[in-house]
file run-v1.tsv (TSV, C-alpha atoms)
chain	number	residue	atom	x	y	z
A	235	MET	CA	4.25	-22.46	30.50
A	236	ARG	CA	0.86	-23.35	29.04
A	237	GLU	CA	-0.19	-23.21	25.42
A	238	VAL	CA	-2.94	-20.87	24.26
A	239	ARG	CA	-5.27	-21.49	21.34
A	240	LEU	CA	-4.66	-19.18	18.42
A	241	LEU	CA	-7.83	-19.78	16.38
A	242	GLY	CA	-10.95	-19.63	18.48
A	243	GLY	CA	-8.93	-18.59	21.51
A	244	PRO	CA	-8.66	-15.28	23.37
A	245	VAL	CA	-6.04	-13.68	21.10
A	246	GLU	CA	-6.82	-11.38	18.17
A	247	PHE	CA	-4.99	-10.83	14.90
A	248	ARG	CA	-5.26	-7.12	14.11
A	249	GLY	CA	-4.24	-5.69	10.76
A	250	ALA	CA	-5.24	-8.93	8.98
A	251	LEU	CA	-8.52	-9.41	7.13
A	252	ASP	CA	-8.16	-13.17	6.60
A	253	LEU	CA	-6.64	-16.04	8.57
A	254	GLU	CA	-5.53	-19.19	6.77
A	255	ASP	CA	-5.61	-22.28	9.00
A	256	ARG	CA	-2.57	-24.23	7.78
A	257	ALA	CA	-1.03	-27.53	8.83
A	258	ASP	CA	1.65	-25.81	10.91
A	259	GLY	CA	-0.15	-22.73	12.13
A	260	VAL	CA	-2.19	-19.65	11.32
A	261	MET	CA	-1.16	-17.48	8.38
A	262	PRO	CA	-2.58	-13.94	8.40
A	263	ARG	CA	-3.47	-12.21	5.13
A	264	ARG	CA	-4.16	-8.51	4.65
A	265	LEU	CA	-7.02	-8.85	2.16
A	266	PRO	CA	-10.29	-10.77	2.61
A	267	ALA	CA	-10.53	-14.35	1.37
A	268	TRP	CA	-13.05	-13.45	-1.35
A	269	THR	CA	-10.52	-11.26	-3.16
A	270	ARG	CA	-8.46	-14.32	-4.23
A	271	GLU	CA	-10.97	-15.03	-6.98
A	272	GLN	CA	-10.44	-11.56	-8.44
A	273	TYR	CA	-6.77	-11.76	-9.43
A	274	GLN	CA	-4.53	-14.30	-11.15
A	275	ASP	CA	-1.09	-12.82	-10.56
A	276	SER	CA	0.63	-14.75	-7.76
A	277	SER	CA	2.49	-11.60	-6.72
A	278	VAL	CA	-0.78	-10.19	-5.37
A	279	TYR	CA	-1.32	-13.21	-3.15
A	280	GLY	CA	2.30	-13.03	-2.04
A	281	ALA	CA	1.96	-9.36	-1.11
A	282	THR	CA	-1.09	-10.07	1.04
A	283	LEU	CA	0.97	-12.57	3.05
A	284	LEU	CA	3.64	-9.98	3.90
A	285	PRO	CA	2.27	-8.91	7.30
A	286	SER	CA	2.98	-5.17	7.32
A	287	GLY	CA	1.05	-3.82	10.30
A	288	VAL	CA	-0.20	-7.23	11.45
A	289	ARG	CA	0.01	-7.95	15.17
A	290	LEU	CA	-1.19	-10.57	17.66
A	291	VAL	CA	-2.99	-8.85	20.53
A	292	PHE	CA	-4.08	-10.05	23.99
A	293	ARG	CA	-4.02	-9.26	27.71
A	294	THR	CA	-1.92	-11.24	30.14
A	295	ASP	CA	-0.38	-11.23	33.60
A	296	SER	CA	2.48	-13.39	32.32
A	297	THR	CA	6.10	-12.43	32.84
A	298	GLU	CA	7.33	-14.89	30.20
A	299	ILE	CA	5.89	-15.50	26.73
A	300	GLU	CA	7.02	-17.81	23.93
A	301	PHE	CA	5.94	-17.80	20.31
A	302	ASP	CA	6.59	-20.55	17.78
A	303	VAL	CA	6.65	-19.09	14.27
A	304	LEU	CA	7.31	-20.48	10.81
A	305	THR	CA	8.64	-17.95	8.33
A	306	SER	CA	9.08	-18.27	4.57
A	307	THR	CA	11.91	-16.34	2.96
A	308	GLY	CA	13.74	-16.38	-0.37
A	309	GLN	CA	17.30	-17.15	-1.42
A	310	LEU	CA	19.01	-16.87	-4.78
A	311	ASP	CA	21.29	-19.76	-5.63
A	312	THR	CA	24.14	-17.26	-5.88
A	313	ASP	CA	23.55	-15.90	-2.36
A	314	PRO	CA	25.31	-17.48	0.63
A	315	ARG	CA	22.31	-17.17	2.95
A	316	PRO	CA	18.55	-16.53	2.83
A	317	ARG	CA	17.13	-13.04	2.72
A	318	PRO	CA	16.75	-11.39	6.13
A	319	THR	CA	13.55	-12.45	7.84
A	320	GLY	CA	13.08	-9.21	9.77
A	321	MET	CA	12.13	-8.49	13.33
A	322	LEU	CA	9.41	-9.57	15.73
A	323	GLU	CA	8.60	-6.68	18.07
A	324	LEU	CA	6.77	-6.89	21.38
A	325	LEU	CA	4.84	-3.94	22.81
A	326	VAL	CA	3.51	-3.90	26.37
A	327	ASP	CA	0.89	-1.27	27.13
A	328	GLY	CA	2.01	0.50	23.98
A	329	ALA	CA	5.69	0.67	24.90
A	330	PRO	CA	8.52	-1.32	23.25
A	331	ALA	CA	9.34	-4.41	25.31
A	332	GLY	CA	11.71	-6.35	23.08
A	333	ARG	CA	12.83	-7.19	19.55
A	334	ARG	CA	13.82	-10.59	18.24
A	335	GLN	CA	15.13	-11.68	14.86
A	336	ALA	CA	12.50	-13.85	13.19
A	337	PRO	CA	13.92	-17.36	12.78
A	338	VAL	CA	14.51	-18.79	9.30
A	339	GLY	CA	11.92	-21.44	8.40
A	340	ASN	CA	10.97	-22.38	4.86
A	341	VAL	CA	13.38	-21.16	2.18
A	342	MET	CA	12.29	-20.51	-1.40
A	343	ARG	CA	15.37	-21.14	-3.55
A	344	MET	CA	15.57	-19.77	-7.09
A	345	ALA	CA	18.19	-19.44	-9.80
A	346	GLY	CA	17.48	-15.74	-10.28
A	347	PRO	CA	14.77	-13.09	-9.82
A	348	GLY	CA	11.51	-14.34	-11.28
A	349	ALA	CA	12.80	-17.90	-11.75
A	350	PRO	CA	10.77	-20.93	-10.57
A	351	GLN	CA	11.00	-21.53	-6.83
A	352	ARG	CA	12.22	-24.70	-5.12
A	353	ILE	CA	10.94	-24.97	-1.58
A	354	VAL	CA	13.38	-26.13	1.08
A	355	PRO	CA	11.07	-26.97	4.00
A	356	GLY	CA	12.01	-25.63	7.39
A	357	GLU	CA	10.86	-25.98	10.97
A	358	PRO	CA	9.13	-23.50	13.28
A	359	GLY	CA	11.44	-21.53	15.51
A	360	THR	CA	10.81	-20.21	19.01
A	361	VAL	CA	11.20	-16.63	20.19
A	362	ARG	CA	10.98	-15.86	23.90
A	363	PHE	CA	10.31	-12.67	25.82
A	364	ALA	CA	11.06	-12.77	29.55
A	365	GLY	CA	11.19	-10.27	32.39
A	366	LEU	CA	7.87	-8.66	31.47
A	367	PRO	CA	6.29	-6.47	34.18
A	368	ALA	CA	3.98	-8.16	36.67
A	369	GLY	CA	0.24	-7.60	36.58
A	370	MET	CA	-2.32	-7.59	33.82
A	371	LYS	CA	-1.13	-5.76	30.70
A	372	HIS	CA	-1.92	-5.26	27.02
A	373	VAL	CA	0.52	-7.13	24.77
A	374	GLU	CA	1.08	-6.88	21.02
A	375	LEU	CA	3.41	-9.04	18.95
A	376	TRP	CA	4.12	-7.26	15.65
A	377	LEU	CA	5.11	-9.55	12.78
A	378	PRO	CA	8.00	-8.77	10.38
A	379	GLN	CA	6.65	-6.63	7.57
A	380	GLN	CA	8.73	-8.31	4.85
A	381	THR	CA	8.29	-12.03	5.63
A	382	PRO	CA	5.23	-14.33	5.52
A	383	THR	CA	4.92	-15.61	9.09
A	384	GLU	CA	2.72	-18.40	10.42
A	385	LEU	CA	1.91	-18.28	14.12
A	386	VAL	CA	2.28	-21.89	15.28
A	387	ALA	CA	1.98	-21.64	19.06
A	388	LEU	CA	1.76	-19.21	21.95
A	389	ARG	CA	2.83	-20.22	25.46
A	390	ALA	CA	2.69	-18.12	28.60
A	391	ASN	CA	3.38	-18.57	32.32
A	392	GLY	CA	0.19	-16.78	33.30
A	393	GLU	CA	-3.36	-16.12	32.24
A	394	VAL	CA	-4.07	-14.99	28.68
A	395	LEU	CA	-7.30	-13.05	28.06
A	396	ALA	CA	-8.97	-11.35	25.13
A	397	PRO	CA	-7.82	-7.78	24.53
A	398	ASP	CA	-9.98	-4.81	25.30
A	399	PRO	CA	-11.48	-3.02	22.27
A	400	ASP	CA	-8.89	-0.74	20.75
A	401	GLY	CA	-10.95	2.42	21.24
A	402	ARG	CA	-8.81	4.56	18.95
A	403	ARG	CA	-9.90	5.88	15.58
A	404	ARG	CA	-9.15	3.44	12.75
A	405	TRP	CA	-7.05	4.66	9.84
A	406	VAL	CA	-7.14	2.49	6.70
A	407	HIS	CA	-4.28	3.07	4.27
A	408	HIS	CA	-3.55	1.61	0.84
A	409	GLY	CA	-0.37	2.11	-1.14
A	410	SER	CA	2.57	0.44	-2.85
A	411	SER	CA	5.84	-1.01	-1.54
A	412	LEU	CA	6.69	2.52	-0.41
A	413	SER	CA	3.85	2.20	2.10
A	414	HIS	CA	4.43	-1.49	2.74
A	415	CYS	CA	7.99	-0.50	3.80
A	416	ILE	CA	9.89	-3.76	3.43
A	417	GLU	CA	13.14	-1.85	4.00
A	418	ALA	CA	12.03	-0.44	7.40
A	419	ASP	CA	14.07	-1.49	10.44
A	420	GLY	CA	11.12	-3.31	11.95
A	421	PRO	CA	7.35	-3.57	11.82
A	422	THR	CA	6.83	-0.48	13.98
A	423	GLY	CA	9.26	1.48	11.78
A	424	THR	CA	7.05	1.56	8.70
A	425	TRP	CA	5.91	5.08	7.94
A	426	PRO	CA	2.17	4.37	8.42
A	427	VAL	CA	2.85	2.89	11.89
A	428	VAL	CA	5.16	5.78	12.80
A	429	ALA	CA	2.47	8.28	11.76
A	430	ALA	CA	-0.31	6.35	13.53
A	431	THR	CA	1.70	6.21	16.75
A	432	ILE	CA	2.22	9.97	16.69
A	433	GLY	CA	-1.43	10.58	15.82
A	434	GLY	CA	-2.78	8.19	18.46
A	435	VAL	CA	-4.79	6.11	15.98
A	436	GLU	CA	-4.93	2.46	14.93
A	437	VAL	CA	-3.66	1.81	11.41
A	438	ILE	CA	-4.71	-0.97	9.05
A	439	ASN	CA	-2.14	-1.13	6.25
A	440	LEU	CA	-3.58	-2.61	3.05
A	441	SER	CA	-0.55	-1.64	0.98
A	442	GLN	CA	0.48	-4.15	-1.66
A	443	ALA	CA	4.13	-4.13	-2.72
A	444	GLY	CA	4.24	-3.86	-6.50
A	445	ASN	CA	0.46	-4.03	-6.76
A	446	ALA	CA	-1.09	-0.64	-5.92
A	447	LEU	CA	-2.97	-0.49	-9.21
A	448	LEU	CA	-6.38	0.89	-8.23
A	449	ASP	CA	-7.77	-2.64	-8.18
A	450	PRO	CA	-11.56	-2.61	-7.67
A	451	TYR	CA	-11.44	-5.40	-5.07
A	452	VAL	CA	-9.24	-3.21	-2.86
A	453	ALA	CA	-11.70	-0.32	-3.17
A	454	ARG	CA	-14.57	-2.64	-2.24
A	455	THR	CA	-12.59	-3.94	0.72
A	456	ILE	CA	-12.08	-0.41	2.04
A	457	ARG	CA	-15.72	0.45	1.32
A	458	ASP	CA	-16.97	-2.44	3.42
A	459	MET	CA	-14.69	-2.20	6.47
A	460	PRO	CA	-14.92	0.14	9.45
A	461	ALA	CA	-12.80	3.24	8.93
A	462	ASP	CA	-12.61	6.64	10.61
A	463	LEU	CA	-9.76	7.87	8.40
A	464	ILE	CA	-8.70	6.73	4.92
A	465	SER	CA	-5.71	7.41	2.69
A	466	LEU	CA	-4.69	6.27	-0.77
A	467	LYS	CA	-1.10	6.62	-1.97
A	468	THR	CA	-1.01	5.82	-5.66
A	469	GLY	CA	1.01	6.29	-8.82
A	470	ILE	CA	4.43	4.64	-8.64
A	471	ASN	CA	3.30	1.09	-9.54
A	472	ILE	CA	1.05	2.48	-12.26
A	473	VAL	CA	4.04	4.21	-13.88
A	474	SER	CA	6.48	1.36	-13.22
A	475	LEU	CA	4.21	-1.17	-14.92
A	476	ALA	CA	2.84	1.25	-17.53
A	477	ALA	CA	-0.52	0.00	-16.30
A	478	PHE	CA	-2.58	2.97	-17.54
A	479	ARG	CA	-2.49	5.73	-20.11
A	480	LEU	CA	-3.72	9.21	-19.28
A	481	ARG	CA	-7.07	8.34	-20.91
A	482	THR	CA	-7.70	5.42	-18.52
A	483	PHE	CA	-5.92	6.64	-15.38
A	484	GLY	CA	-8.35	9.44	-14.49
A	485	PRO	CA	-11.50	7.28	-14.74
A	486	ALA	CA	-9.81	4.56	-12.69
A	487	VAL	CA	-9.03	7.05	-9.90
A	488	HIS	CA	-12.60	8.34	-9.97
A	489	GLY	CA	-13.96	4.80	-9.84
A	490	PHE	CA	-11.75	3.86	-6.89
A	491	LEU	CA	-12.83	6.95	-4.95
A	492	ASP	CA	-16.48	6.49	-5.91
A	493	THR	CA	-16.45	2.96	-4.52
A	494	ILE	CA	-14.88	4.03	-1.23
A	495	ARG	CA	-17.41	6.84	-0.89
A	496	GLU	CA	-20.28	4.37	-1.25
A	497	GLY	CA	-19.37	3.07	2.21
A	498	HIS	CA	-17.69	6.14	3.69
A	499	PRO	CA	-19.36	9.23	2.24
A	500	ASP	CA	-18.09	11.63	4.93
A	501	THR	CA	-14.86	10.03	6.17
A	502	PRO	CA	-11.69	12.14	5.81
A	503	LEU	CA	-9.86	10.76	2.77
A	504	VAL	CA	-6.37	11.81	1.69
A	505	VAL	CA	-5.03	11.07	-1.78
A	506	VAL	CA	-1.22	11.03	-1.73
A	507	SER	CA	0.79	11.24	-4.94
A	508	PRO	CA	4.20	9.55	-5.38
A	509	VAL	CA	7.35	10.59	-3.55
A	510	SER	CA	10.36	11.59	-5.64
A	511	CYS	CA	11.83	8.95	-7.93
A	512	PRO	CA	14.31	10.44	-10.42
A	513	ALA	CA	14.11	7.67	-13.02
A	514	VAL	CA	10.43	8.27	-13.78
A	515	GLU	CA	9.86	11.90	-12.85
A	516	GLU	CA	9.64	12.97	-16.50
A	517	THR	CA	10.21	9.64	-18.26
A	518	PRO	CA	7.36	7.12	-18.42
A	519	GLY	CA	7.65	3.44	-17.57
A	520	PRO	CA	7.74	0.57	-17.64
A	521	THR	CA	10.80	0.25	-15.44
A	522	ALA	CA	13.55	-2.31	-15.04
A	523	VAL	CA	16.50	-2.86	-12.72
A	524	ASP	CA	19.93	-2.20	-14.21
A	525	ARG	CA	23.18	-4.05	-13.49
A	526	ASP	CA	23.84	-1.84	-10.49
A	527	GLY	CA	20.47	-2.69	-8.95
A	528	GLN	CA	19.02	0.75	-9.71
A	529	ILE	CA	15.60	1.49	-11.16
A	530	THR	CA	15.65	2.71	-14.76
A	531	ALA	CA	12.83	3.81	-17.06
A	532	LEU	CA	12.31	2.11	-20.41
A	533	GLY	CA	9.93	4.67	-21.88
A	534	ALA	CA	10.80	7.91	-23.63
A	535	PRO	CA	9.87	11.43	-22.47
A	536	ALA	CA	8.32	12.08	-25.89
A	537	ASP	CA	5.75	9.34	-25.17
A	538	VAL	CA	4.08	11.62	-22.60
A	539	ALA	CA	2.55	13.66	-25.41
A	540	ASP	CA	0.75	10.52	-26.58
A	541	GLY	CA	-0.66	9.74	-23.12
A	542	ALA	CA	2.11	7.79	-21.38
A	543	LEU	CA	2.38	8.43	-17.65
A	544	SER	CA	5.36	9.84	-15.79
A	545	LEU	CA	5.26	10.79	-12.11
A	546	ALA	CA	4.89	14.46	-13.07
A	547	VAL	CA	1.79	13.63	-15.12
A	548	VAL	CA	0.36	11.43	-12.35
A	549	ARG	CA	0.78	14.14	-9.72
A	550	ALA	CA	-0.86	16.76	-11.91
A	551	GLU	CA	-3.78	14.46	-12.71
A	552	LEU	CA	-4.34	13.45	-9.08
A	553	ALA	CA	-4.28	17.09	-7.99
A	554	ARG	CA	-6.75	17.98	-10.75
A	555	ILE	CA	-9.13	15.15	-9.85
A	556	VAL	CA	-9.14	15.94	-6.14
A	557	LYS	CA	-9.69	19.66	-6.76
A	558	ALA	CA	-12.63	18.92	-9.07
A	559	ARG	CA	-14.24	16.52	-6.60
A	560	GLN	CA	-13.80	18.79	-3.58
A	561	ALA	CA	-16.75	20.94	-4.66
A	562	ASP	CA	-19.03	18.06	-3.64
A	563	ASP	CA	-16.64	16.27	-1.29
A	564	PRO	CA	-15.07	18.74	1.16
A	565	ARG	CA	-13.49	15.95	3.24
A	566	LEU	CA	-11.36	14.82	0.31
A	567	HIS	CA	-7.75	16.07	0.43
A	568	TYR	CA	-4.62	15.93	-1.70
A	569	LEU	CA	-1.02	15.64	-0.50
A	570	ASP	CA	1.90	15.90	-2.89
A	571	GLY	CA	4.09	12.90	-2.02
A	572	ARG	CA	7.21	15.02	-2.39
A	573	GLU	CA	6.23	16.60	0.93
A	574	LEU	CA	7.08	13.21	2.48
A	575	LEU	CA	10.29	12.63	0.50
A	576	GLY	CA	11.39	15.27	-1.96
A	577	PRO	CA	13.89	15.70	-4.80
A	578	GLY	CA	16.62	16.80	-2.43
A	579	GLU	CA	16.46	13.50	-0.54
A	580	THR	CA	16.83	10.96	-3.33
A	581	ASP	CA	20.16	9.80	-1.89
A	582	ASP	CA	17.94	8.08	0.66
A	583	LEU	CA	16.48	5.82	-2.05
A	584	THR	CA	18.46	2.59	-1.79
A	585	ASP	CA	17.76	1.49	-5.36
A	586	GLY	CA	16.52	4.74	-6.80
A	587	LEU	CA	13.01	3.86	-5.63
A	588	HIS	CA	12.74	2.47	-2.08
A	589	PRO	CA	13.64	4.63	0.96
A	590	THR	CA	16.02	3.69	3.74
A	591	ALA	CA	14.74	2.81	7.19
A	592	ALA	CA	15.58	6.31	8.46
A	593	ALA	CA	13.74	7.89	5.52
A	594	TYR	CA	10.63	5.81	6.23
A	595	ARG	CA	10.57	7.12	9.80
A	596	ARG	CA	10.97	10.66	8.50
A	597	MET	CA	8.07	10.10	6.10
A	598	GLY	CA	5.89	8.95	8.99
A	599	GLU	CA	6.77	11.99	11.05
A	600	ARG	CA	6.00	14.30	8.13
A	601	PHE	CA	2.68	12.64	7.35
A	602	ALA	CA	1.69	12.93	11.01
A	603	ALA	CA	2.66	16.62	11.05
A	604	TYR	CA	0.44	17.15	8.00
A	605	ALA	CA	-2.52	14.93	8.81
A	606	PHE	CA	-2.89	15.25	12.58
A	607	ALA	CA	-2.06	18.93	12.94
A	608	GLY	CA	-4.66	21.35	14.24
A	609	ASP	CA	-5.88	22.12	10.75
A	610	GLY	CA	-4.96	18.75	9.21
A	611	PRO	CA	-7.45	16.39	7.53
A	612	PHE	CA	-7.16	13.78	10.32
A	613	ARG	CA	-7.29	16.22	13.24
call {"tool": "encode", "arguments": {"input": "run-v1.tsv", "output": "structure tokens"}}
result
Amino acid sequence: MREVRLLGGPVEFRGALDLEDRADGVMPRRLPAWTREQYQDSSVYGATLLPSGVRLVFRTDSTEIEFDVLTSTGQLDTDPRPRPTGMLELLVDGAPAGRRQAPVGNVMRMAGPGAPQRIVPGEPGTVRFAGLPAGMKHVELWLPQQTPTELVALRANGEVLAPDPDGRRRWVHHGSSLSHCIEADGPTGTWPVVAATIGGVEVINLSQAGNALLDPYVARTIRDMPADLISLKTGINIVSLAAFRLRTFGPAVHGFLDTIREGHPDTPLVVVSPVSCPAVEETPGPTAVDRDGQITALGAPADVADGALSLAVVRAELARIVKARQADDPRLHYLDGRELLGPGETDDLTDGLHPTAAAYRRMGERFAAYAFAGDGPFR
């Protein structure tokens, strides 16, 4: 087995827009480095390190491959073990070729949610894939969508070469944790990856768990990157954080879309409203988590009359904005998020907000049926 350079070598990190060269290895991030100056909340930085849709890509004739990885996961002092690190998935020529549990590395201990973290340093762990088919092949290692993962080393028993250009259309998607899909059963089980696989396109997932707030730096990122297809799923974080009132929400949506259109004036662009979430359908946020771990709204339905946002208001406003813009932007489309997960399926929301792994796959299948159909916006 010989070691292969990760930075400056033949391999590519796809799905990441920044690579941090750290003491142990390479940490991929899903937003460009320049964006770090544009936010102060550490949760944004943390979300960019969660590698949803990030994969290491190369060609090789190897039959055995080893990866050293260093993960960072959390653990409450009251919990007996760290949070699950998720799965590493290997694809060979586009087909599944193995799944391995990501090893536990660094552990961030805390007394309770939101409490200061105490880092318990860990060591890189090794995952091995053997019995791969002979001959030159295209290999992708997909990183666990819910766990920051440094790539420390790659070893192979054969030649490792740069990958061929992808060649497929590139779909850029931005959304919340419901597009980040931490609860999926693996990195290829997130709904954007499921939909992209069905549609035969490459997906770049810029979703930010807890932070899909129409941030201008995200719009500029999408504006400036290659994209053949674009989608924006927005609303749930805005309601959950009470981040906008009706007066400010509409202009923020327009501004986000205007910025994207500066770089992609004719690219198909789908605006997706929130899926069903009973707690905030008619009641505005902010939200909290109750003693049973379920999402609950802290606002009052009467506040809607004064401009507070519920999901019903958000959906109506997004539909109105898209319809108004379509007169001059015929490649702009609107999808009601309840078409992906509707009011009759809320038993599939584990905490009243986040879908199960099976529901995420169903969402991907439904988005593909809508977007890639013969008359769909991404056809």
call {"tool": "residues_around", "arguments": {"input": "run-v1.tsv", "residues": "Ala430 (chain A)", "least_positions_apart": "3", "cutoff": "10 Å", "atoms": "all atoms listed in the file", "output": "ChimeraX atom specification"}}
result
/A:403-405,422,425-427,433-438,598-599,601-602,606
call {"tool": "write_last_selection", "arguments": {"input": "run-v1.tsv", "atoms": "C-alpha atoms", "output": "PDB file, keeping the file's coordinate frame"}}
result
ATOM      1  CA  ARG A 403      -9.900   5.880  15.580  1.00  0.00           C
ATOM      2  CA  ARG A 404      -9.150   3.440  12.750  1.00  0.00           C
ATOM      3  CA  TRP A 405      -7.050   4.660   9.840  1.00  0.00           C
ATOM      4  CA  THR A 422       6.830  -0.480  13.980  1.00  0.00           C
ATOM      5  CA  TRP A 425       5.910   5.080   7.940  1.00  0.00           C
ATOM      6  CA  PRO A 426       2.170   4.370   8.420  1.00  0.00           C
ATOM      7  CA  VAL A 427       2.850   2.890  11.890  1.00  0.00           C
ATOM      8  CA  GLY A 433      -1.430  10.580  15.820  1.00  0.00           C
ATOM      9  CA  GLY A 434      -2.780   8.190  18.460  1.00  0.00           C
ATOM     10  CA  VAL A 435      -4.790   6.110  15.980  1.00  0.00           C
ATOM     11  CA  GLU A 436      -4.930   2.460  14.930  1.00  0.00           C
ATOM     12  CA  VAL A 437      -3.660   1.810  11.410  1.00  0.00           C
ATOM     13  CA  ILE A 438      -4.710  -0.970   9.050  1.00  0.00           C
ATOM     14  CA  GLY A 598       5.890   8.950   8.990  1.00  0.00           C
ATOM     15  CA  GLU A 599       6.770  11.990  11.050  1.00  0.00           C
ATOM     16  CA  PHE A 601       2.680  12.640   7.350  1.00  0.00           C
ATOM     17  CA  ALA A 602       1.690  12.930  11.010  1.00  0.00           C
ATOM     18  CA  PHE A 606      -2.890  15.250  12.580  1.00  0.00           C
TER      19      PHE A 606
END
call {"tool": "closest_atom_pairs", "arguments": {"input": "run-v1.tsv", "of": "region 421-488 of chain A", "to": "region 281-288 of chain A", "cutoff": "7 Å", "atoms": "all atoms listed in the file", "output": "CSV"}}
result
residue,atom,partner,partner_atom,distance
A:Pro421,CA,A:Ser286,CA,6.5
A:Ile438,CA,A:Gly287,CA,6.5
A:Asn439,CA,A:Gly287,CA,5.8
A:Gln442,CA,A:Ala281,CA,5.4
A:Ala443,CA,A:Ala281,CA,5.9
call {"tool": "axis_aligned_box", "arguments": {"input": "run-v1.tsv", "around": "region 512-523 of chain A", "padding_each_side": "3 Å", "output": "AutoDock Vina command-line options"}}
result
--center_x 11.9 --center_y 5.1 --center_z -14.4 --size_x 15.1 --size_y 21.8 --size_z 14.0
call {"tool": "residues_around", "arguments": {"input": "run-v1.tsv", "residues": "region 530-544 of chain A", "least_positions_apart": "4", "cutoff": "7 Å", "atoms": "only C-alpha atoms", "output": "VMD selection string"}}
result
chain A and resid 473 479 to 481 513 to 524 548
call {"tool": "write_last_selection", "arguments": {"input": "run-v1.tsv", "atoms": "C-alpha atoms", "output": "PDB file, in the coordinates of the input"}}
result
ATOM      1  CA  VAL A 473       4.040   4.210 -13.880  1.00  0.00           C
ATOM      2  CA  ARG A 479      -2.490   5.730 -20.110  1.00  0.00           C
ATOM      3  CA  LEU A 480      -3.720   9.210 -19.280  1.00  0.00           C
ATOM      4  CA  ARG A 481      -7.070   8.340 -20.910  1.00  0.00           C
ATOM      5  CA  ALA A 513      14.110   7.670 -13.020  1.00  0.00           C
ATOM      6  CA  VAL A 514      10.430   8.270 -13.780  1.00  0.00           C
ATOM      7  CA  GLU A 515       9.860  11.900 -12.850  1.00  0.00           C
ATOM      8  CA  GLU A 516       9.640  12.970 -16.500  1.00  0.00           C
ATOM      9  CA  THR A 517      10.210   9.640 -18.260  1.00  0.00           C
ATOM     10  CA  PRO A 518       7.360   7.120 -18.420  1.00  0.00           C
ATOM     11  CA  GLY A 519       7.650   3.440 -17.570  1.00  0.00           C
ATOM     12  CA  PRO A 520       7.740   0.570 -17.640  1.00  0.00           C
ATOM     13  CA  THR A 521      10.800   0.250 -15.440  1.00  0.00           C
ATOM     14  CA  ALA A 522      13.550  -2.310 -15.040  1.00  0.00           C
ATOM     15  CA  VAL A 523      16.500  -2.860 -12.720  1.00  0.00           C
ATOM     16  CA  ASP A 524      19.930  -2.200 -14.210  1.00  0.00           C
ATOM     17  CA  VAL A 548       0.360  11.430 -12.350  1.00  0.00           C
TER      18      VAL A 548
END
call {"tool": "residues_around", "arguments": {"input": "run-v1.tsv", "residues": "Asp462 (chain A)", "least_positions_apart": "3", "cutoff": "12 Å", "atoms": "all atoms listed in the file", "output": "list in words"}}
result
Gly401, Arg402, Arg403, Arg404, Trp405, Val406, His407, Val435, Glu436, Val437, Ile438, Ile456, Arg457, Met459, Ser465, Gly497, His498, Pro499, Asp500, Thr501, Pro502, Leu503, Arg565, Pro611, Phe612 and Arg613 of chain A
call {"tool": "residues_around", "arguments": {"input": "run-v1.tsv", "residues": "Thr468 (chain A)", "least_positions_apart": "4", "cutoff": "7 Å", "atoms": "all atoms listed in the file", "output": "PDB file with C-alpha atoms, in the coordinates of the input"}}
result
ATOM      1  CA  GLY A 409      -0.370   2.110  -1.140  1.00  0.00           C
ATOM      2  CA  ALA A 446      -1.090  -0.640  -5.920  1.00  0.00           C
ATOM      3  CA  VAL A 506      -1.220  11.030  -1.730  1.00  0.00           C
ATOM      4  CA  SER A 507       0.790  11.240  -4.940  1.00  0.00           C
ATOM      5  CA  PRO A 508       4.200   9.550  -5.380  1.00  0.00           C
TER       6      PRO A 508
END
call {"tool": "closest_residue", "arguments": {"input": "run-v1.tsv", "among": "A:Glu551, A:Gly578, A:Met370, A:Glu271", "to": "Ala396 (chain A)", "atoms": "all atoms listed in the file"}}
result
A:Met370
call {"tool": "residues_around", "arguments": {"input": "run-v1.tsv", "residues": "region 343-354 of chain A", "least_positions_apart": "3", "cutoff": "10 Å", "atoms": "all atoms listed in the file", "output": "list in words"}}
result
Ser306, Thr307, Gly308, Gln309, Leu310, Asp311, Thr312, Asp313, Pro316, Gly339 and Asn340 of chain A
call {"tool": "closest_residue", "arguments": {"input": "run-v1.tsv", "among": "A:Arg495, A:Ala267, A:Leu466, A:Thr584", "to": "Asp562 (chain A)", "atoms": "only C-alpha atoms"}}
result
A:Arg495
call {"tool": "closest_residue", "arguments": {"input": "run-v1.tsv", "among": "A:Pro262, A:Pro450, A:Pro460, A:Gly586", "to": "Leu491 (chain A)", "atoms": "only C-alpha atoms"}}
result
A:Pro450
call {"tool": "closest_residue", "arguments": {"input": "run-v1.tsv", "among": "A:Met597, A:Cys511, A:Ala476, A:Leu388", "to": "Val428 (chain A)", "atoms": "only C-alpha atoms"}}
result
A:Met597
call {"tool": "closest_residue", "arguments": {"input": "run-v1.tsv", "among": "A:Leu463, A:Leu447, A:Val487, A:Leu366", "to": "Ala329 (chain A)", "atoms": "all atoms listed in the file"}}
result
A:Leu366
call {"tool": "closest_residue", "arguments": {"input": "run-v1.tsv", "among": "A:Ser441, A:Ser276, A:Thr482, A:Gln335", "to": "Ala453 (chain A)", "atoms": "only C-alpha atoms"}}
result
A:Ser441
call {"tool": "atom_distance", "arguments": {"input": "run-v1.tsv", "atom1": "CA of Glu573 (chain A)", "atom2": "CA of Leu552 (chain A)"}}
result
14.9 Å
call {"tool": "atom_distance", "arguments": {"input": "run-v1.tsv", "atom1": "CA of His488 (chain A)", "atom2": "CA of Ile529 (chain A)"}}
result
29.0 Å
call {"tool": "atom_distance", "arguments": {"input": "run-v1.tsv", "atom1": "CA of Leu587 (chain A)", "atom2": "CA of Gln528 (chain A)"}}
result
7.9 Å
